[in-house]
Every structure is written in structure tokens, then in C-alpha cells.
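Okay, data38.cif now, which holds mmCIF, C-alpha atoms; chains and numbers go by the auth columns:
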data_run
#
loop_
_atom_site.group_PDB
_atom_site.id
_atom_site.type_symbol
_atom_site.label_atom_id
_atom_site.label_comp_id
_atom_site.label_asym_id
_atom_site.label_seq_id
_atom_site.Cartn_x
_atom_site.Cartn_y
_atom_site.Cartn_z
_atom_site.B_iso_or_equiv
_atom_site.auth_seq_id
_atom_site.auth_asym_id
ATOM 1 C CA MET A 1 -8.258 -11.117 -10.907 0.00 1 S
ATOM 2 C CA ILE A 2 -5.413 -8.880 -9.590 0.00 2 S
ATOM 3 C CA VAL A 3 -1.881 -9.430 -8.340 0.00 3 S
ATOM 4 C CA ALA A 4 0.771 -6.813 -7.532 0.00 4 S
ATOM 5 C CA ARG A 5 4.459 -6.847 -6.652 0.00 5 S
ATOM 6 C CA GLN A 6 3.890 -4.213 -3.966 0.00 6 S
ATOM 7 C CA ILE A 7 0.943 -2.369 -2.417 0.00 7 S
ATOM 8 C CA ASP A 8 1.478 0.722 -0.245 0.00 8 S
ATOM 9 C CA VAL A 9 -1.482 2.093 1.742 0.00 9 S
ATOM 10 C CA GLN A 10 -1.645 5.204 3.948 0.00 10 S
ATOM 11 C CA VAL A 11 -4.713 5.094 6.230 0.00 11 S
ATOM 12 C CA SER A 12 -6.012 7.807 8.606 0.00 12 S
ATOM 13 C CA LEU A 13 -6.424 6.299 12.072 0.00 13 S
ATOM 14 C CA LEU A 14 -8.910 8.738 13.669 0.00 14 S
ATOM 15 C CA PRO A 15 -11.772 8.145 11.172 0.00 15 S
ATOM 16 C CA LEU A 16 -11.497 4.394 11.844 0.00 16 S
ATOM 17 C CA LEU A 17 -12.983 5.057 15.308 0.00 17 S
ATOM 18 C CA ALA A 18 -16.112 6.372 13.570 0.00 18 S
ATOM 19 C CA GLY A 19 -16.271 3.344 11.261 0.00 19 S
ATOM 20 C CA ARG A 20 -14.916 5.159 8.185 0.00 20 S
ATOM 21 C CA VAL A 21 -11.893 4.152 6.163 0.00 21 S
ATOM 22 C CA GLU A 22 -10.013 7.152 4.754 0.00 22 S
ATOM 23 C CA ILE A 23 -7.092 6.231 2.554 0.00 23 S
ATOM 24 C CA HIS A 24 -4.783 9.179 1.870 0.00 24 S
ATOM 25 C CA GLY A 25 -2.556 7.214 -0.463 0.00 25 S
ATOM 26 C CA LEU A 26 -2.727 3.926 -2.342 0.00 26 S
ATOM 27 C CA THR A 27 0.119 2.851 -4.624 0.00 27 S
ATOM 28 C CA LEU A 28 0.137 -0.360 -6.641 0.00 28 S
ATOM 29 C CA VAL A 29 3.527 -1.338 -8.041 0.00 29 S
ATOM 30 C CA GLU A 30 3.460 -3.640 -11.063 0.00 30 S
ATOM 31 C CA PRO A 31 -0.167 -4.715 -10.694 0.00 31 S
ATOM 32 C CA ASP A 32 -1.578 -7.203 -13.191 0.00 32 S
ATOM 33 C CA VAL A 33 -5.365 -7.063 -13.619 0.00 33 S
ATOM 34 C CA LEU A 34 -7.329 -9.604 -15.635 0.00 34 S
ATOM 35 C CA LEU A 35 -11.032 -9.086 -16.319 0.00 35 S
ATOM 36 C CA GLU A 36 -12.632 -12.002 -18.154 0.00 36 S
ATOM 37 C CA VAL A 37 -16.138 -12.672 -19.412 0.00 37 S
ATOM 38 C CA ASP A 38 -17.063 -16.307 -20.028 0.00 38 S
ATOM 39 C CA ARG A 39 -19.144 -17.607 -22.960 0.00 39 S
ATOM 40 C CA ASP A 40 -22.315 -17.115 -20.885 0.00 40 S
ATOM 41 C CA GLY A 41 -21.539 -13.417 -20.366 0.00 41 S
ATOM 42 C CA LYS A 42 -20.551 -13.628 -16.680 0.00 42 S
ATOM 43 C CA GLY A 43 -17.534 -11.568 -15.580 0.00 43 S
ATOM 44 C CA ASN A 44 -14.883 -12.888 -13.198 0.00 44 S
ATOM 45 C CA TRP A 45 -15.650 -9.866 -10.978 0.00 45 S
ATOM 46 C CA GLN A 46 -19.277 -11.010 -10.489 0.00 46 S
ATOM 47 C CA PHE A 47 -19.873 -13.217 -7.455 0.00 47 S
ATOM 48 C CA ALA A 48 -23.029 -15.082 -6.489 0.00 48 S
ATOM 49 C CA SER A 49 -24.615 -14.133 -3.169 0.00 49 S
ATOM 50 C CA SER A 50 -26.080 -16.699 -0.774 0.00 50 S
ATOM 51 C CA ASP A 51 -29.499 -16.419 -2.479 0.00 51 S
ATOM 52 C CA GLY A 52 -27.939 -17.153 -5.897 0.00 52 S
ATOM 53 C CA ALA A 53 -28.227 -13.586 -7.238 0.00 53 S
ATOM 54 C CA ASP A 54 -25.178 -11.802 -8.596 0.00 54 S
ATOM 55 C CA ALA A 55 -23.548 -9.541 -6.006 0.00 55 S
ATOM 56 C CA GLN A 56 -21.659 -6.728 -7.757 0.00 56 S
ATOM 57 C CA GLY A 57 -21.830 -4.033 -5.132 0.00 57 S
ATOM 58 C CA SER A 58 -24.387 -1.305 -4.978 0.00 58 S
ATOM 59 C CA GLY A 59 -23.654 2.358 -4.865 0.00 59 S
ATOM 60 C CA ASP A 60 -20.670 4.624 -4.756 0.00 60 S
ATOM 61 C CA ALA A 61 -17.784 3.693 -2.466 0.00 61 S
ATOM 62 C CA ARG A 62 -16.947 7.375 -1.815 0.00 62 S
ATOM 63 C CA SER A 63 -20.408 8.138 -0.402 0.00 63 S
ATOM 64 C CA GLY A 64 -20.264 5.198 2.029 0.00 64 S
ATOM 65 C CA MET A 65 -17.606 4.094 4.448 0.00 65 S
ATOM 66 C CA LEU A 66 -14.555 4.202 2.161 0.00 66 S
ATOM 67 C CA ARG A 67 -12.724 7.232 0.761 0.00 67 S
ATOM 68 C CA ILE A 68 -9.510 7.230 -1.274 0.00 68 S
ATOM 69 C CA GLU A 69 -7.858 10.618 -1.872 0.00 69 S
ATOM 70 C CA HIS A 70 -4.832 9.637 -3.967 0.00 70 S
ATOM 71 C CA ALA A 71 -4.095 6.459 -5.894 0.00 71 S
ATOM 72 C CA SER A 72 -1.296 5.610 -8.278 0.00 72 S
ATOM 73 C CA ILE A 73 -0.144 2.718 -10.396 0.00 73 S
ATOM 74 C CA GLU A 74 3.459 2.170 -11.420 0.00 74 S
ATOM 75 C CA ARG A 75 4.230 -0.167 -14.306 0.00 75 S
ATOM 76 C CA GLY A 76 0.882 -1.963 -14.378 0.00 76 S
ATOM 77 C CA THR A 77 -0.984 -4.081 -16.898 0.00 77 S
ATOM 78 C CA ALA A 78 -4.670 -4.687 -17.445 0.00 78 S
ATOM 79 C CA ARG A 79 -6.354 -7.076 -19.833 0.00 79 S
ATOM 80 C CA TYR A 80 -10.019 -7.546 -20.738 0.00 80 S
ATOM 81 C CA ARG A 81 -10.978 -10.788 -22.490 0.00 81 S
ATOM 82 C CA ASN A 82 -14.511 -11.631 -23.554 0.00 82 S
ATOM 83 C CA ALA A 83 -15.012 -15.255 -24.635 0.00 83 S
ATOM 84 C CA ALA A 84 -18.546 -14.471 -25.864 0.00 84 S
ATOM 85 C CA SER A 85 -17.515 -11.619 -28.224 0.00 85 S
ATOM 86 C CA GLY A 86 -13.872 -12.523 -28.850 0.00 86 S
ATOM 87 C CA HIS A 87 -12.609 -9.126 -27.637 0.00 87 S
ATOM 88 C CA ASP A 88 -9.101 -9.052 -26.163 0.00 88 S
ATOM 89 C CA LEU A 89 -7.971 -5.594 -25.029 0.00 89 S
ATOM 90 C CA GLN A 90 -4.665 -4.826 -23.306 0.00 90 S
ATOM 91 C CA LEU A 91 -3.471 -1.738 -21.459 0.00 91 S
ATOM 92 C CA ALA A 92 0.087 -1.364 -20.171 0.00 92 S
ATOM 93 C CA LEU A 93 0.614 1.596 -17.857 0.00 93 S
ATOM 94 C CA GLU A 94 3.960 3.242 -17.189 0.00 94 S
ATOM 95 C CA ARG A 95 2.142 5.314 -14.598 0.00 95 S
ATOM 96 C CA LEU A 96 -1.384 6.345 -13.664 0.00 96 S
ATOM 97 C CA GLU A 97 -2.339 8.820 -10.972 0.00 97 S
ATOM 98 C CA VAL A 98 -5.818 9.574 -9.617 0.00 98 S
ATOM 99 C CA VAL A 99 -6.386 12.492 -7.232 0.00 99 S
ATOM 100 C CA ALA A 100 -9.869 12.866 -5.718 0.00 100 S
ATOM 101 C CA ARG A 101 -10.884 16.350 -4.591 0.00 101 S
ATOM 102 C CA GLY A 102 -14.493 16.961 -3.613 0.00 102 S
ATOM 103 C CA ALA A 103 -16.875 15.383 -6.102 0.00 103 S
ATOM 104 C CA ALA A 104 -14.353 14.967 -8.940 0.00 104 S
ATOM 105 C CA ALA A 105 -11.212 13.018 -9.723 0.00 105 S
ATOM 106 C CA ARG A 106 -8.324 14.141 -11.906 0.00 106 S
ATOM 107 C CA ILE A 107 -6.553 11.339 -13.727 0.00 107 S
ATOM 108 C CA GLY A 108 -3.221 11.407 -15.514 0.00 108 S
ATOM 109 C CA GLY A 109 -1.398 8.535 -17.084 0.00 109 S
ATOM 110 C CA LYS A 110 0.930 7.251 -19.729 0.00 110 S
ATOM 111 C CA GLY A 111 1.027 3.796 -21.217 0.00 111 S
ATOM 112 C CA ALA A 112 0.104 1.712 -24.247 0.00 112 S
ATOM 113 C CA TYR A 113 -3.218 0.397 -25.549 0.00 113 S
ATOM 114 C CA ASN A 114 -2.735 -2.848 -27.490 0.00 114 S
ATOM 115 C CA THR A 115 0.974 -1.851 -27.823 0.00 115 S
ATOM 116 C CA VAL A 116 0.175 1.669 -29.166 0.00 116 S
ATOM 117 C CA PRO A 117 1.579 4.451 -26.875 0.00 117 S
ATOM 118 C CA VAL A 118 -1.106 6.698 -25.311 0.00 118 S
ATOM 119 C CA ASP A 119 -1.414 9.577 -22.820 0.00 119 S
ATOM 120 C CA ILE A 120 -4.524 9.586 -20.613 0.00 120 S
ATOM 121 C CA PRO A 121 -5.596 12.824 -18.865 0.00 121 S
ATOM 122 C CA ALA A 122 -9.177 12.910 -17.529 0.00 122 S
ATOM 123 C CA THR A 123 -11.576 14.571 -15.093 0.00 123 S
ATOM 124 C CA LEU A 124 -14.494 12.457 -13.840 0.00 124 S
ATOM 125 C CA PRO A 125 -17.311 12.986 -11.307 0.00 125 S
ATOM 126 C CA LEU A 126 -17.183 10.614 -8.318 0.00 126 S
ATOM 127 C CA ASP A 127 -20.329 10.957 -6.263 0.00 127 S
ATOM 128 C CA GLY A 128 -22.898 9.550 -8.721 0.00 128 S
ATOM 129 C CA SER A 129 -24.299 13.008 -9.525 0.00 129 S
ATOM 130 C CA LYS A 130 -23.937 14.533 -12.962 0.00 130 S
ATOM 131 C CA GLY A 131 -20.696 16.486 -13.184 0.00 131 S
ATOM 132 C CA LYS A 132 -18.135 17.897 -15.587 0.00 132 S
ATOM 133 C CA THR A 133 -16.347 15.136 -17.453 0.00 133 S
ATOM 134 C CA GLU A 134 -13.347 15.353 -19.718 0.00 134 S
ATOM 135 C CA LEU A 135 -11.258 12.541 -21.203 0.00 135 S
ATOM 136 C CA THR A 136 -8.432 12.619 -23.733 0.00 136 S
ATOM 137 C CA ILE A 137 -6.591 9.683 -25.236 0.00 137 S
ATOM 138 C CA ALA A 138 -3.659 10.644 -27.428 0.00 138 S
ATOM 139 C CA GLY A 139 -1.162 8.494 -29.256 0.00 139 S
ATOM 140 C CA ALA A 140 -0.022 7.188 -32.628 0.00 140 S
ATOM 141 C CA GLY A 141 -0.982 10.330 -34.527 0.00 141 S
ATOM 142 C CA LEU A 142 -4.510 10.433 -33.092 0.00 142 S
ATOM 143 C CA ARG A 143 -6.043 12.529 -30.312 0.00 143 S
ATOM 144 C CA LEU A 144 -9.557 11.638 -29.144 0.00 144 S
ATOM 145 C CA HIS A 145 -11.238 14.048 -26.758 0.00 145 S
ATOM 146 C CA ALA A 146 -14.598 13.768 -24.971 0.00 146 S
ATOM 147 C CA GLN A 147 -16.071 16.645 -22.977 0.00 147 S
ATOM 148 C CA GLY A 148 -19.433 17.191 -21.324 0.00 148 S
ATOM 149 C CA THR A 149 -21.213 15.820 -18.284 0.00 149 S
ATOM 150 C CA ALA A 150 -21.585 12.348 -16.846 0.00 150 S
ATOM 151 C CA ALA A 151 -22.931 10.562 -13.797 0.00 151 S
ATOM 152 C CA LEU A 152 -20.872 7.489 -12.962 0.00 152 S
ATOM 153 C CA ALA A 153 -22.564 5.040 -10.604 0.00 153 S
ATOM 154 C CA ALA A 154 -22.230 1.324 -9.910 0.00 154 S
ATOM 155 C CA LYS A 155 -25.433 0.368 -11.737 0.00 155 S
ATOM 156 C CA ASP A 156 -26.223 3.213 -14.153 0.00 156 S
ATOM 157 C CA THR A 157 -23.886 5.509 -16.039 0.00 157 S
ATOM 158 C CA VAL A 158 -25.365 8.482 -17.872 0.00 158 S
ATOM 159 C CA ALA A 159 -23.251 10.678 -20.141 0.00 159 S
ATOM 160 C CA ASP A 160 -23.805 13.659 -22.411 0.00 160 S
ATOM 161 C CA LEU A 161 -20.467 14.036 -24.181 0.00 161 S
ATOM 162 C CA ALA A 162 -19.197 15.730 -27.331 0.00 162 S
ATOM 163 C CA PHE A 163 -16.371 13.897 -29.077 0.00 163 S
ATOM 164 C CA THR A 164 -13.623 15.371 -31.249 0.00 164 S
ATOM 165 C CA ALA A 165 -10.812 13.644 -33.073 0.00 165 S
ATOM 166 C CA GLU A 166 -7.617 15.153 -34.480 0.00 166 S
ATOM 167 C CA VAL A 167 -5.380 13.141 -36.791 0.00 167 S
ATOM 168 C CA SER A 168 -1.782 14.175 -37.459 0.00 168 S
ATOM 169 C CA ASP A 169 -0.464 10.842 -38.799 0.00 169 S
ATOM 170 C CA TRP A 170 -3.075 8.880 -40.787 0.00 170 S
ATOM 171 C CA PRO A 171 -1.127 5.582 -41.164 0.00 171 S
ATOM 172 C CA ALA A 172 -0.304 5.466 -37.428 0.00 172 S
ATOM 173 C CA ALA A 173 -3.881 6.402 -36.491 0.00 173 S
ATOM 174 C CA ALA A 174 -5.215 3.632 -38.741 0.00 174 S
ATOM 175 C CA ARG A 175 -3.077 1.072 -36.850 0.00 175 S
ATOM 176 C CA LEU A 176 -4.480 2.326 -33.540 0.00 176 S
ATOM 177 C CA VAL A 177 -8.090 2.196 -34.756 0.00 177 S
ATOM 178 C CA ARG A 178 -7.617 -1.306 -36.204 0.00 178 S
ATOM 179 C CA SER A 179 -6.248 -2.513 -32.856 0.00 179 S
ATOM 180 C CA ALA A 180 -9.168 -1.012 -30.915 0.00 180 S
ATOM 181 C CA SER A 181 -12.342 -3.048 -30.861 0.00 181 S
ATOM 182 C CA ILE A 182 -15.194 -1.034 -29.397 0.00 182 S
ATOM 183 C CA CYS A 183 -17.084 -3.250 -27.014 0.00 183 S
ATOM 184 C CA ALA A 184 -19.289 -3.117 -23.952 0.00 184 S
ATOM 185 C CA MET A 185 -17.929 -4.752 -20.819 0.00 185 S
ATOM 186 C CA ALA A 186 -20.713 -7.107 -19.831 0.00 186 S
#
Written form, C-alpha cells:
Amino acid sequence: MIVARQIDVQVSLLPLLAGRVEIHGLTLVEPDVLLEVDRDGKGNWQFASSDGADAQGSGDARSGMLRIEHASIERGTARYRNAASGHDLQLALERLEVVARGAAARIGGKGAYNTVPVDIPATLPLDGSKGKTELTIAGAGLRLHAQGTAALAAKDTVADLAFTAEVSDWPAAARLVRSASICAMA
């Protein structure tokens, strides 16, 4: 599911005595992530528990025993393939940085979506409560912006977002839209 050339982790030692893991820094260098859904709709990130039910995790990692304050990716790739729908999406990142402060995370990145260059700034809530959310994807003559509120949780995600699109180069934007299949990750 994921391999990386290098992983750097900075962990606080004192919270470990209380059973908490606080990661001040996490850097993945040249990670390669592959998320696949088989023809039956099961993702390679879904594992069966001992009673046969799918075990996907429950709840928000930040509210439990794990906290990550800063994470970055250098020269990474991610791919999502769905055998049931035929979707094949690819993201190549030059860099991506996530900084968590309080109940929100600020995200900044630069890369390519299905070979089309994009910039990715975002603000997302982290604690499962509804919070200010902002996401912009810009590239190839197209800027998509979403702003509003969202609650991101492991099982349910609720969003109330307004979307705007600005087009400065119609032929380039058309290539980006043709390369982007909108799909739900099962």
C-alpha cells in the first residue's frame, strides 16, 4: 500500500510515559502510495477483523493517543485504482506540507494531477467537529475553490461548501477536466 525511500520521525519522549504519542515532525521522502478497490468494492486499506467484519478504524486519531503536528512529503506519488468503476487517478507531489494547530490543519502543496500541474493550498478541521474549510486546486488555466464548513471523521464526513471556478485558459482547462474522473472512493 505504501513504500518510501526515507521516513524521518521526531517523537516527544515525555508524553510516551502517559501513553500518548506526540509526533512533532514526520517527513516522507519519495513515498509511493497505491489505493486499490477490487471488483467487489473492497479497498486494499480495509482489513478483516477476527470476527470477519471490516476493521477500518473508528474515530479521529488526533483525539485519541496519537498527535502529529507537522508532516511533509517530498517527491511523492499516489495512485487510486478502482477495478469496479474503472477509475485510475494519479497524483505526483513535488512537495506537500501539513501543519496542525489546534483543531485545524493548513495544507500547502505543489504537484501534478494526472500529469497536469496543480497547486494545493487548504485549511481543514481535524477534530471531527464542524469547522472552517477551504480548498483550492489551481493549474492548467483553471482554479477551483471550495469554502465553507466541514466535519471530517473516519465514518461520516459532512460538508457545506460553496464552489467557484475561474478559467483563464479554456483549452488547457478542458484537458484537465477530461483527465479528472469524479468518483467516490469506496
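With all atoms listed in the file as the atoms that count, the residue of S:Arg95, S:Arg143, S:Arg79, S:Arg101 with the shortest distance to Arg67 (chain S) is S:Arg101.
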- Task: Identify all residues satisfying the PyMOL selection byres ((chain S and resi 112-119) around 7) in the given file; provide them as a PyMOL selection string.
- Result: chain S and resi 89-93+109-111+120-121+137-140+176+179
- List the residues selected by the PyMOL selection byres ((chain S and resi 40) around 10) in the file shown, writing them as a PyMOL selection string. chain S and resi 37-39+41-43+82-84
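Residues matched by the PyMOL selection byres ((chain S and resi 106) around 10) in this file: S:His70, S:Glu97, S:Val98, S:Val99, S:Ala100, S:Arg101, S:Ala104, S:Ala105, S:Ile107, S:Gly108, S:Pro121, S:Ala122, S:Thr123, S:Leu124, S:Pro125, S:Thr133, S:Glu134, S:Leu135.
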- If you measure from CA of Gln10 (chain S) to CA of Ala103 (chain S), what distance in Å do you get, rounded to one decimal? 20.9 Å
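Taking only C-alpha atoms into account, the polymer residues that have an atom no farther than 12 Å from (-7.1, -1.4, 3.9) are Ile7, Asp8, Val9, Gln10, Val11, Ser12, Leu13, Leu16, Arg20, Val21, Glu22, Ile23, His24, Gly25, Leu26, Thr27, Met65, Leu66, Arg67 and Ile68 of chain S.
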Please produce an output containing C-alpha atoms for each residue in the selection, written as a compact mmCIF listing (two decimals), in the frame of the given file.
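Listed below is the output, again37.txt:
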# COMPACT_ATOMS: atom_id res chain seq x y z
CA ILE S 7 0.94 -2.37 -2.42
CA ASP S 8 1.48 0.72 -0.24
CA VAL S 9 -1.48 2.09 1.74
CA GLN S 10 -1.64 5.20 3.95
CA VAL S 11 -4.71 5.09 6.23
CA SER S 12 -6.01 7.81 8.61
CA LEU S 13 -6.42 6.30 12.07
CA LEU S 16 -11.50 4.39 11.84
CA ARG S 20 -14.92 5.16 8.18
CA VAL S 21 -11.89 4.15 6.16
CA GLU S 22 -10.01 7.15 4.75
CA ILE S 23 -7.09 6.23 2.55
CA HIS S 24 -4.78 9.18 1.87
CA GLY S 25 -2.56 7.21 -0.46
CA LEU S 26 -2.73 3.93 -2.34
CA THR S 27 0.12 2.85 -4.62
CA MET S 65 -17.61 4.09 4.45
CA LEU S 66 -14.56 4.20 2.16
CA ARG S 67 -12.72 7.23 0.76
CA ILE S 68 -9.51 7.23 -1.27
- Item | Residue list as a list in words for point (-8.7, -9.4, -12.7), cut-off 8 Å, only C-alpha atoms | Met1, Ile2, Asp32, Val33, Leu34, Leu35, Glu36, Asn44, Trp45, Ala78 and Arg79 of chain S
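CA of Leu142 (chain S) is positioned 28.3 Å from CA of Lys130 (chain S).
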- When you draw a straight line from CA of Glu74 (chain S) to CA of Glu30 (chain S), how long is it in Å? 5.8 Å
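The nearest approach to Leu126 (chain S) among the residues S:Thr77, S:Glu69, S:Leu14, S:Ala165, with all atoms listed in the file taken into account, belongs to S:Glu69.
Considering all atoms listed in the file, the residue among S:Arg5, S:Thr136, S:Ser129, S:Phe163 positioned nearest to Ala150 (chain S) is S:Ser129.
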